[in-house]
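A.B. asks: One structure, pasted below without further comment.
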Amino acid sequence: MRRLTQIAQIWLVLATLFLFMGAGDDSARFRSLGHQVMCVCGCNYVLLECNHVGCPNSDRMRSELAAAVDSGESDALVFQGFVEKYGPVVLLAPPKTGFGRVAWVTPYVALIIGVCAVLFIVFVWNKRPRAPLASAGSEGTGPDLGDYRDQVRRDTGI
Amino acid sequence: MAELGSLALLIALVLCAYSFVVGVVALLNNGEAADRLSETARRAGIVAFAAVFLASLILVVSAFQDNFSIEYIREHSNRALPIPYKFATLWSGQEGSLLFWALLLSSYGLVLRLRHKTDTRLFAYASVAIAAVQVFFLLLIVFPASPFSLTSGPIPEDGNGLNPLLQYPEMVIHPPMLYLGYVGFTVPFAFALGALIMRYPGEKWIHITRRWTMVTWAFLTCGIFLGSHWAYSVLGWGGYWGWDPVENASLMPWLTGTAFLHSVMMQEKRGMLKVWNMWLVFITFWLAILGTFLTRSGIISSVHAFAQSAIGDWFKWFLLISLAVFIVFFFLNKSHLRSEHKLESMISRESSFLFNNLLLVLVCFTVLWGTWFPLISEYVQGHKVTIGGPFYNNVAIPVTLLLLLLTAVGPLLAWRKTSVDSLKRNFLWPACGALVVGVLMIALGVRPWNDVAYLYALMTAMLAALVMLTVASEFVRGARVIARHTSQSLLSGMHQLWHRNTRRYGGYIVHFGVAIVVIGILGTPFNRDIEKELGYGDKMSIGSYELTCRSFTQEENPNYGSEWAIIDVSRNGKAITTLYPERRFYKASQQPQTLPQIYPTWKQDLLLVRDLYLVYAGQNPETGRPIIKAHLNPLVPWIWIGWLIMVLGTISCLIPNAVPVRVTAPARVEPATVGAGD
């Protein structure tokens, strides 16, 4: 039990060290934030990927981002500052609040509806009596004709 | 020349209108007279191809002759433009690319009309539907977007030149491939509409449609991957997919087309999903047109979009009319589309196709939603928002993982019902292999508990391995049976197995290619980059590579001026190559272009290939020294390898099956049935 406690303590110390090692890395944070903001020159590139010659915005925006990171502002404050200056279009993805939430939630709502639709279709299929065998001119579809139909297809190349 | 071109287009329009109107009249009547009318409609469609071809030829010849009296040539070409790019002038602008659309559509129409004897009635319906679409595109290029408009005022000495981003070898191939894909989806749609209207008996129409869809799908796949490769090689940001609206426009029909290629098997084999397939074919066609609308109308800002123009309204109306026509005929004839069988078990091939379709359509919906959401936001909130990678990845990554799982599991499931024993038997070894891959990745330093991106990468690698192993096991198992019965080698057995059912085993090759592509994509979280100003002899390091600036210089030629650096690359102290990242400034168009240098390091690192990607990011105006950005992108070459495998797999699906070989075996041994069904 004592040994287990010792191991847990060592893990805790290591984990804390690990956390603090990353905390002071401004350049990593700059890169992370810079990849969540768009250049507003109209090039449609992420800020840190905009490489236009003489781009009127990207250099200034990078300096602003670097200054905000240096001053220790939180991510939310940095983004808020950019939105106030350049408008909501500057963020690479809509916020997860207000109407922006609709953008994020809709695909999952669609997924749920889709799964329900599939289950409903399966239910309807299983309830429905089997359709009568094909009328004149159509192919046979009975379960025991399937193999013959496949064989005919292969042999005739249809 | 311009007058001749305009006349050719006008003749083509009249011919297509004739083909449509007379074709409809002929289909509404029966008898010998109607047949003769139908034949004239078909022939009009064939001659329309010649007229559109002539118009396209005139435009290309005008580009070669530097005929700047034509406004389109003045805007998109110049005297110093290299010869291969003079061809590209045809599709580099709004009007020319619409003419190119019309040309490709006429070509598809020509092939279809020449093959009419396969099923005269069905082909007559399809020909009429294609003629209607042809009329729309010809109307566009005859009236609002004529490529033969004359330059107003004095004719200039030189033109504006081709967009520099298009002056790249792949750009001579990428747009035609993409357009062949977009335009090609008109053909399956035309057959589907024809089959719906005539209440086509049997499933032969769907077999014809499937082959056309496969060809079109292959073109679109090539177009998308060539576009990605172009973006990677030219745009200079180190990536290959940016979720740009125009990229999305090409992805949407690809996704629904992929869904159709799977669900169509349920209709062929089990007579199920008839309504769904009909809608999938229509939606795929509709999305292809919608994509064209997105790029032409200017309603959505994009790196690729053409200038804003009035033709957006024409597209809007065409989209609405085509939707209305389809809905009317669907409701008139939907009783004909009743499913013939029911789903017997949730563990069956049928259910795997159902869920595969659901997921593919969900991704398509997400892409559509994300592409349009900025407009919806503007309408609701009064301002636009940006929908970028984080939004799409939020849905696309988990769904892709599920799709990979289905890709691995689906092909091994039997039609109707699969027993648990069979599942265990088929999946034991592939699942063990996937687990080994996961353990190996963790041993190599991937820590899924540190970052969700690493977790996704680990899961992707395991699932991709599962797909590859299940495909391999299918080949090996089938080949063993053949080899045992025919005394051939395992390799010959595999070849024979594929040749007996090219569609099934070609499909597996495509799945294998998809797994390879996905492995290439999973390298993204491990990308690294560094940017530094380099003077003579200055060095910078990225990964195990050391980059030394040997020199930097400038160059002038009639088409462009360029700045470039000479960078020596060494690894562990050993020189391995020299790279020349460059930036050009095109004189005619007054636009810059980056030419990154990519060194795929497969020669040293056979399994974990990576690209060393150098960009000439600019020049420090104070020091005059170049700023070089270096990226180290793991596994990217796998994407292009996987794409080639996908294309090969698709081509192999189109090769006709060999006649099943009868096994000359001792008494009581039945003929081999391996590969007998999809």
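By convention here, the chains of the structure tokens are called A, B, ... in the order presented, each chain's residues are numbered starting at 1, and ligands are numbered starting at 1 in the order presented.
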List as a list in words the protein and nucleic acid residues near region 218-225 of chain B, meaning an atom at most 6 Å away when only C-alpha atoms are counted, but skip any in the same chain fewer than 5 places from it.

C.D. replies: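 The residues satisfying every condition are His174, Met177, Leu178, Leu180 and Gly181 of chain B.
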
A.B. asks: May I have the residues within 9 Å of Gly23 (chain B) as number ranges by chain, using only C-alpha atoms and disregarding those fewer than 3 positions away in the same chain?

C.D. replies: B: 18-20, 26-28, 34, 37-42, 124-125, 127-128, 131

A.B. asks: Select all residues from chain B having any atom no more than 7 Å from an atom of chain A (counting only C-alpha atoms, ignoring ligands), output as a PyMOL selection string.

C.D. replies: chain B and resi 201-202+237+302-303+340-343+358+362+366+373+384-388+390-391+592+617-618+659

A.B. asks: Kindly export the residues of the current selection with N, CA, C and O atoms, as a short mmCIF file (atom, residue, chain, number, x, y, z; two decimals), in the first residue's frame.

C.D. replies:
data_model
loop_
_atom_site.label_atom_id
_atom_site.label_comp_id
_atom_site.auth_asym_id
_atom_site.auth_seq_id
_atom_site.Cartn_x
_atom_site.Cartn_y
_atom_site.Cartn_z
N PRO B 201 -38.61 -1.80 -66.63
CA PRO B 201 -38.69 -3.11 -65.97
C PRO B 201 -37.30 -3.70 -65.74
O PRO B 201 -36.43 -3.60 -66.59
N GLY B 202 -37.10 -4.28 -64.58
CA GLY B 202 -35.82 -4.93 -64.31
C GLY B 202 -34.76 -3.94 -63.87
O GLY B 202 -35.02 -2.75 -63.67
N TRP B 237 1.32 26.73 -48.55
CA TRP B 237 1.05 26.78 -47.12
C TRP B 237 1.28 25.43 -46.45
O TRP B 237 1.03 25.26 -45.26
N SER B 302 -14.02 32.50 -52.08
CA SER B 302 -13.17 31.32 -52.14
C SER B 302 -11.89 31.67 -52.89
O SER B 302 -11.87 32.59 -53.70
N VAL B 303 -10.84 30.90 -52.61
CA VAL B 303 -9.57 31.10 -53.32
C VAL B 303 -9.79 30.86 -54.81
O VAL B 303 -9.18 31.48 -55.66
N GLU B 340 -38.15 -5.03 -53.08
CA GLU B 340 -38.59 -6.41 -53.30
C GLU B 340 -38.31 -7.33 -52.12
O GLU B 340 -38.88 -8.40 -52.01
N HIS B 341 -37.39 -6.92 -51.28
CA HIS B 341 -37.03 -7.77 -50.14
C HIS B 341 -37.00 -6.95 -48.87
O HIS B 341 -36.95 -5.73 -48.91
N LYS B 342 -36.97 -7.63 -47.76
CA LYS B 342 -36.81 -6.94 -46.49
C LYS B 342 -35.44 -7.25 -45.90
O LYS B 342 -34.77 -8.19 -46.32
N LEU B 343 -35.06 -6.42 -44.93
CA LEU B 343 -33.78 -6.64 -44.26
C LEU B 343 -33.96 -7.79 -43.28
O LEU B 343 -34.79 -7.72 -42.38
N LEU B 358 -25.64 6.15 -44.89
CA LEU B 358 -26.03 7.17 -43.91
C LEU B 358 -24.83 8.06 -43.57
O LEU B 358 -24.94 9.29 -43.55
N LEU B 362 -24.25 11.90 -44.43
CA LEU B 362 -24.08 12.82 -43.30
C LEU B 362 -22.87 13.74 -43.52
O LEU B 362 -22.96 14.95 -43.29
N THR B 366 -22.93 17.72 -43.86
CA THR B 366 -22.10 18.60 -43.03
C THR B 366 -21.31 19.58 -43.90
O THR B 366 -21.20 20.77 -43.58
N PHE B 373 -23.38 27.91 -44.35
CA PHE B 373 -23.67 28.54 -43.07
C PHE B 373 -23.28 30.03 -43.02
O PHE B 373 -24.02 30.84 -42.43
N LYS B 384 -21.46 37.73 -41.52
CA LYS B 384 -20.96 36.41 -41.91
C LYS B 384 -20.05 35.85 -40.83
O LYS B 384 -19.48 36.60 -40.04
N VAL B 385 -19.93 34.53 -40.81
CA VAL B 385 -18.91 33.90 -39.98
C VAL B 385 -18.07 33.03 -40.90
O VAL B 385 -18.48 32.75 -42.02
N THR B 386 -16.92 32.62 -40.40
CA THR B 386 -16.07 31.73 -41.20
C THR B 386 -16.26 30.31 -40.71
O THR B 386 -16.32 30.06 -39.51
N ILE B 387 -16.39 29.40 -41.66
CA ILE B 387 -16.47 27.98 -41.29
C ILE B 387 -15.22 27.32 -41.87
O ILE B 387 -15.10 27.15 -43.08
N GLY B 388 -14.30 26.99 -40.99
CA GLY B 388 -13.03 26.41 -41.45
C GLY B 388 -12.82 25.00 -40.94
O GLY B 388 -13.75 24.34 -40.48
N PRO B 390 -11.68 23.44 -38.24
CA PRO B 390 -12.13 22.88 -36.97
C PRO B 390 -13.58 22.39 -37.01
O PRO B 390 -13.92 21.36 -36.44
N PHE B 391 -14.44 23.13 -37.73
CA PHE B 391 -15.85 22.72 -37.82
C PHE B 391 -15.98 21.40 -38.58
O PHE B 391 -16.61 20.46 -38.11
N PRO B 592 1.78 37.53 -57.94
CA PRO B 592 2.88 36.67 -57.50
C PRO B 592 2.47 35.19 -57.45
O PRO B 592 1.28 34.88 -57.43
N ALA B 617 9.32 32.37 -48.59
CA ALA B 617 8.20 33.14 -48.02
C ALA B 617 8.28 34.63 -48.36
O ALA B 617 7.30 35.34 -48.23
N GLY B 618 9.45 35.10 -48.76
CA GLY B 618 9.58 36.52 -49.10
C GLY B 618 11.01 36.99 -48.85
O GLY B 618 11.90 36.18 -48.59
N VAL B 659 -14.68 -15.56 -68.09
CA VAL B 659 -15.64 -16.66 -67.94
C VAL B 659 -15.17 -17.51 -66.77
O VAL B 659 -13.99 -17.84 -66.67
#

A.B. asks: Quick check for you: according to DSSP on this backbone, which residues of region 192-414 of chain B are classed as helix (DSSP H, G or I)? Reply as an mmCIF file with C-alpha atoms, in the first residue's frame.

C.D. replies:
data_model
loop_
_atom_site.group_PDB
_atom_site.id
_atom_site.type_symbol
_atom_site.label_atom_id
_atom_site.label_comp_id
_atom_site.auth_asym_id
_atom_site.auth_seq_id
_atom_site.Cartn_x
_atom_site.Cartn_y
_atom_site.Cartn_z
ATOM 1 C CA ALA B 192 -32.229 7.366 -63.853
ATOM 2 C CA LEU B 193 -34.751 9.965 -64.978
ATOM 3 C CA GLY B 194 -35.445 7.956 -68.138
ATOM 4 C CA ALA B 195 -35.898 4.740 -66.173
ATOM 5 C CA LEU B 196 -38.179 6.533 -63.711
ATOM 6 C CA ILE B 197 -40.380 8.059 -66.410
ATOM 7 C CA LYS B 204 -30.540 -3.422 -66.438
ATOM 8 C CA TRP B 205 -30.719 0.365 -66.372
ATOM 9 C CA ILE B 206 -29.010 0.438 -63.026
ATOM 10 C CA HIS B 207 -26.215 -1.744 -64.336
ATOM 11 C CA ILE B 208 -25.645 0.690 -67.225
ATOM 12 C CA THR B 209 -25.853 3.647 -64.822
ATOM 13 C CA ARG B 210 -23.430 2.071 -62.390
ATOM 14 C CA ARG B 211 -20.714 1.733 -65.038
ATOM 15 C CA TRP B 212 -21.144 5.353 -66.099
ATOM 16 C CA THR B 213 -21.092 6.433 -62.461
ATOM 17 C CA MET B 214 -17.903 4.493 -61.879
ATOM 18 C CA VAL B 215 -16.162 6.155 -64.826
ATOM 19 C CA THR B 216 -17.386 9.570 -63.685
ATOM 20 C CA TRP B 217 -16.447 8.848 -60.084
ATOM 21 C CA ALA B 218 -12.929 7.892 -61.211
ATOM 22 C CA PHE B 219 -12.585 11.194 -63.072
ATOM 23 C CA LEU B 220 -13.853 13.176 -60.109
ATOM 24 C CA THR B 221 -11.509 11.293 -57.777
ATOM 25 C CA CYS B 222 -8.606 12.141 -60.084
ATOM 26 C CA GLY B 223 -9.771 15.762 -60.251
ATOM 27 C CA ILE B 224 -9.994 16.099 -56.475
ATOM 28 C CA PHE B 225 -6.619 14.501 -55.820
ATOM 29 C CA LEU B 226 -4.904 16.452 -58.599
ATOM 30 C CA GLY B 227 -6.424 19.606 -57.109
ATOM 31 C CA SER B 228 -5.090 18.659 -53.677
ATOM 32 C CA HIS B 229 -1.684 17.936 -55.108
ATOM 33 C CA TRP B 230 -1.747 21.241 -56.961
ATOM 34 C CA ALA B 231 -2.691 23.102 -53.762
ATOM 35 C CA TYR B 232 0.130 21.326 -51.954
ATOM 36 C CA SER B 233 2.652 22.047 -54.678
ATOM 37 C CA VAL B 234 1.667 25.609 -55.580
ATOM 38 C CA LEU B 235 -0.156 27.450 -52.826
ATOM 39 C CA PRO B 245 -16.016 26.218 -50.543
ATOM 40 C CA VAL B 246 -14.868 25.211 -54.001
ATOM 41 C CA GLU B 247 -13.027 22.185 -52.668
ATOM 42 C CA ASN B 248 -16.198 21.346 -50.776
ATOM 43 C CA ALA B 249 -18.196 21.699 -53.987
ATOM 44 C CA SER B 250 -16.166 18.919 -55.570
ATOM 45 C CA LEU B 251 -16.317 16.735 -52.478
ATOM 46 C CA MET B 252 -20.113 16.741 -52.131
ATOM 47 C CA PRO B 253 -20.999 14.946 -55.398
ATOM 48 C CA TRP B 254 -18.051 12.627 -54.792
ATOM 49 C CA LEU B 255 -19.524 11.596 -51.436
ATOM 50 C CA THR B 256 -23.028 10.986 -52.768
ATOM 51 C CA GLY B 257 -21.579 9.272 -55.851
ATOM 52 C CA THR B 258 -19.611 6.977 -53.534
ATOM 53 C CA ALA B 259 -22.783 6.269 -51.564
ATOM 54 C CA PHE B 260 -24.607 5.413 -54.796
ATOM 55 C CA LEU B 261 -21.848 3.046 -55.963
ATOM 56 C CA HIS B 262 -22.418 1.083 -52.768
ATOM 57 C CA SER B 263 -26.190 1.240 -52.439
ATOM 58 C CA VAL B 264 -26.683 0.346 -56.095
ATOM 59 C CA MET B 265 -25.471 -3.151 -55.222
ATOM 60 C CA MET B 266 -28.448 -3.577 -52.921
ATOM 61 C CA GLN B 267 -30.779 -2.825 -55.790
ATOM 62 C CA GLU B 268 -28.945 -5.133 -58.161
ATOM 63 C CA LYS B 269 -28.661 -8.048 -55.775
ATOM 64 C CA ARG B 270 -31.711 -7.708 -53.591
ATOM 65 C CA LYS B 274 -34.792 1.739 -55.247
ATOM 66 C CA VAL B 275 -36.192 5.072 -54.065
ATOM 67 C CA TRP B 276 -32.971 5.912 -52.263
ATOM 68 C CA ASN B 277 -30.840 5.148 -55.322
ATOM 69 C CA MET B 278 -33.039 7.267 -57.531
ATOM 70 C CA TRP B 279 -32.607 10.201 -55.146
ATOM 71 C CA LEU B 280 -28.889 9.613 -54.750
ATOM 72 C CA VAL B 281 -28.347 9.780 -58.506
ATOM 73 C CA PHE B 282 -30.378 12.959 -58.714
ATOM 74 C CA ILE B 283 -28.706 14.594 -55.712
ATOM 75 C CA THR B 284 -25.265 13.761 -57.070
ATOM 76 C CA PHE B 285 -26.111 15.470 -60.361
ATOM 77 C CA TRP B 286 -27.725 18.363 -58.517
ATOM 78 C CA LEU B 287 -24.720 18.851 -56.246
ATOM 79 C CA ALA B 288 -22.415 18.886 -59.275
ATOM 80 C CA ILE B 289 -24.475 21.746 -60.724
ATOM 81 C CA LEU B 290 -24.650 23.411 -57.302
ATOM 82 C CA GLY B 291 -20.854 23.270 -57.130
ATOM 83 C CA THR B 292 -20.645 24.998 -60.471
ATOM 84 C CA PHE B 293 -23.143 27.580 -59.225
ATOM 85 C CA LEU B 294 -20.985 28.195 -56.123
ATOM 86 C CA THR B 295 -17.891 28.866 -58.192
ATOM 87 C CA ARG B 296 -19.669 31.016 -60.769
ATOM 88 C CA SER B 297 -22.108 33.127 -58.805
ATOM 89 C CA ILE B 311 -25.090 33.762 -64.507
ATOM 90 C CA GLY B 312 -25.713 32.826 -60.867
ATOM 91 C CA ASP B 313 -29.404 33.533 -61.460
ATOM 92 C CA TRP B 314 -29.438 31.216 -64.458
ATOM 93 C CA PHE B 315 -27.990 28.442 -62.325
ATOM 94 C CA LYS B 316 -30.505 29.113 -59.572
ATOM 95 C CA TRP B 317 -33.361 28.689 -62.001
ATOM 96 C CA PHE B 318 -31.839 25.586 -63.545
ATOM 97 C CA LEU B 319 -31.378 24.018 -60.117
ATOM 98 C CA LEU B 320 -34.986 24.797 -59.182
ATOM 99 C CA ILE B 321 -36.422 23.551 -62.470
ATOM 100 C CA SER B 322 -34.408 20.319 -62.418
ATOM 101 C CA LEU B 323 -35.504 19.695 -58.819
ATOM 102 C CA ALA B 324 -39.149 20.336 -59.719
ATOM 103 C CA VAL B 325 -38.995 18.064 -62.787
ATOM 104 C CA PHE B 326 -37.452 15.264 -60.789
ATOM 105 C CA ILE B 327 -39.934 15.588 -57.935
ATOM 106 C CA VAL B 328 -42.903 15.537 -60.326
ATOM 107 C CA PHE B 329 -41.735 12.393 -62.111
ATOM 108 C CA PHE B 330 -40.755 10.792 -58.838
ATOM 109 C CA PHE B 331 -44.223 11.194 -57.339
ATOM 110 C CA LEU B 332 -45.871 10.083 -60.557
ATOM 111 C CA ASN B 333 -43.866 6.867 -60.708
ATOM 112 C CA LYS B 334 -42.781 6.070 -57.163
ATOM 113 C CA SER B 335 -45.073 3.054 -56.931
ATOM 114 C CA HIS B 336 -42.714 1.380 -59.395
ATOM 115 C CA LEU B 337 -39.831 1.712 -56.943
ATOM 116 C CA ARG B 349 -24.153 -6.814 -46.050
ATOM 117 C CA GLU B 350 -27.380 -4.883 -46.520
ATOM 118 C CA SER B 351 -27.199 -3.189 -43.125
ATOM 119 C CA SER B 352 -23.536 -2.301 -43.654
ATOM 120 C CA PHE B 353 -24.516 -0.561 -46.902
ATOM 121 C CA LEU B 354 -27.341 1.237 -45.139
ATOM 122 C CA PHE B 355 -25.013 2.655 -42.507
ATOM 123 C CA ASN B 356 -22.272 3.352 -45.041
ATOM 124 C CA ASN B 357 -24.791 5.419 -47.016
ATOM 125 C CA LEU B 358 -26.031 7.167 -43.906
ATOM 126 C CA LEU B 359 -22.499 8.216 -42.940
ATOM 127 C CA LEU B 360 -21.481 9.317 -46.425
ATOM 128 C CA VAL B 361 -24.622 11.387 -46.784
ATOM 129 C CA LEU B 362 -24.081 12.822 -43.302
ATOM 130 C CA VAL B 363 -20.579 14.002 -44.246
ATOM 131 C CA CYS B 364 -22.026 15.446 -47.445
ATOM 132 C CA PHE B 365 -24.710 17.258 -45.464
ATOM 133 C CA THR B 366 -22.098 18.601 -43.030
ATOM 134 C CA VAL B 367 -19.985 19.911 -45.893
ATOM 135 C CA LEU B 368 -23.044 21.484 -47.516
ATOM 136 C CA TRP B 369 -24.146 22.985 -44.198
ATOM 137 C CA GLY B 370 -20.679 24.370 -43.479
ATOM 138 C CA THR B 371 -20.390 25.821 -46.968
ATOM 139 C CA TRP B 372 -23.729 27.625 -46.741
ATOM 140 C CA PHE B 373 -23.674 28.541 -43.065
ATOM 141 C CA PRO B 374 -21.831 31.867 -43.604
ATOM 142 C CA LEU B 375 -24.747 32.962 -45.814
ATOM 143 C CA ILE B 376 -27.326 31.673 -43.342
ATOM 144 C CA SER B 377 -25.526 33.520 -40.556
ATOM 145 C CA GLU B 378 -25.533 36.714 -42.584
ATOM 146 C CA TYR B 379 -29.249 36.331 -43.191
ATOM 147 C CA VAL B 380 -30.073 35.626 -39.531
ATOM 148 C CA GLN B 381 -27.486 37.704 -37.653
ATOM 149 C CA GLY B 389 -11.193 23.228 -40.667
ATOM 150 C CA PRO B 390 -12.134 22.876 -36.967
ATOM 151 C CA PHE B 391 -15.846 22.725 -37.822
ATOM 152 C CA TYR B 392 -15.507 20.143 -40.588
ATOM 153 C CA ASN B 393 -12.981 18.042 -38.699
ATOM 154 C CA ASN B 394 -15.344 17.936 -35.735
ATOM 155 C CA VAL B 395 -17.719 15.771 -37.782
ATOM 156 C CA ALA B 396 -15.588 14.427 -40.616
ATOM 157 C CA ILE B 397 -12.950 12.724 -38.450
ATOM 158 C CA PRO B 398 -15.255 10.600 -36.241
ATOM 159 C CA VAL B 399 -17.454 9.746 -39.215
ATOM 160 C CA THR B 400 -14.410 8.783 -41.295
ATOM 161 C CA LEU B 401 -13.352 6.450 -38.491
ATOM 162 C CA LEU B 402 -16.788 4.811 -38.535
ATOM 163 C CA LEU B 403 -16.655 4.575 -42.320
ATOM 164 C CA LEU B 404 -13.262 2.896 -42.092
ATOM 165 C CA LEU B 405 -14.719 0.386 -39.665
ATOM 166 C CA LEU B 406 -17.561 -0.332 -42.089
ATOM 167 C CA THR B 407 -15.074 -0.558 -44.970
ATOM 168 C CA ALA B 408 -13.265 -3.244 -43.045
ATOM 169 C CA VAL B 409 -16.331 -5.103 -41.833
ATOM 170 C CA GLY B 410 -18.806 -4.657 -44.712
ATOM 171 C CA PRO B 411 -17.151 -6.706 -47.447
ATOM 172 C CA LEU B 412 -16.813 -9.712 -45.166
#

A.B. asks: Set the distance at 10 Å and use only C-alpha atoms: which residues neighbour Asp70 (chain A) once local chain neighbours fewer than 4 positions away are removed? I'd like the list as a ChimeraX atom specification.

C.D. replies: /A:26-27,30,64-66

A.B. asks: List as an MDAnalysis selection string the protein and nucleic acid residues near region 556-572 of chain B, meaning an atom at most 8 Å away when only C-alpha atoms are counted, but skip any in the same chain fewer than 2 places from it.

C.D. replies: chainID B and resid 80:81 544:554 574:588 616 626
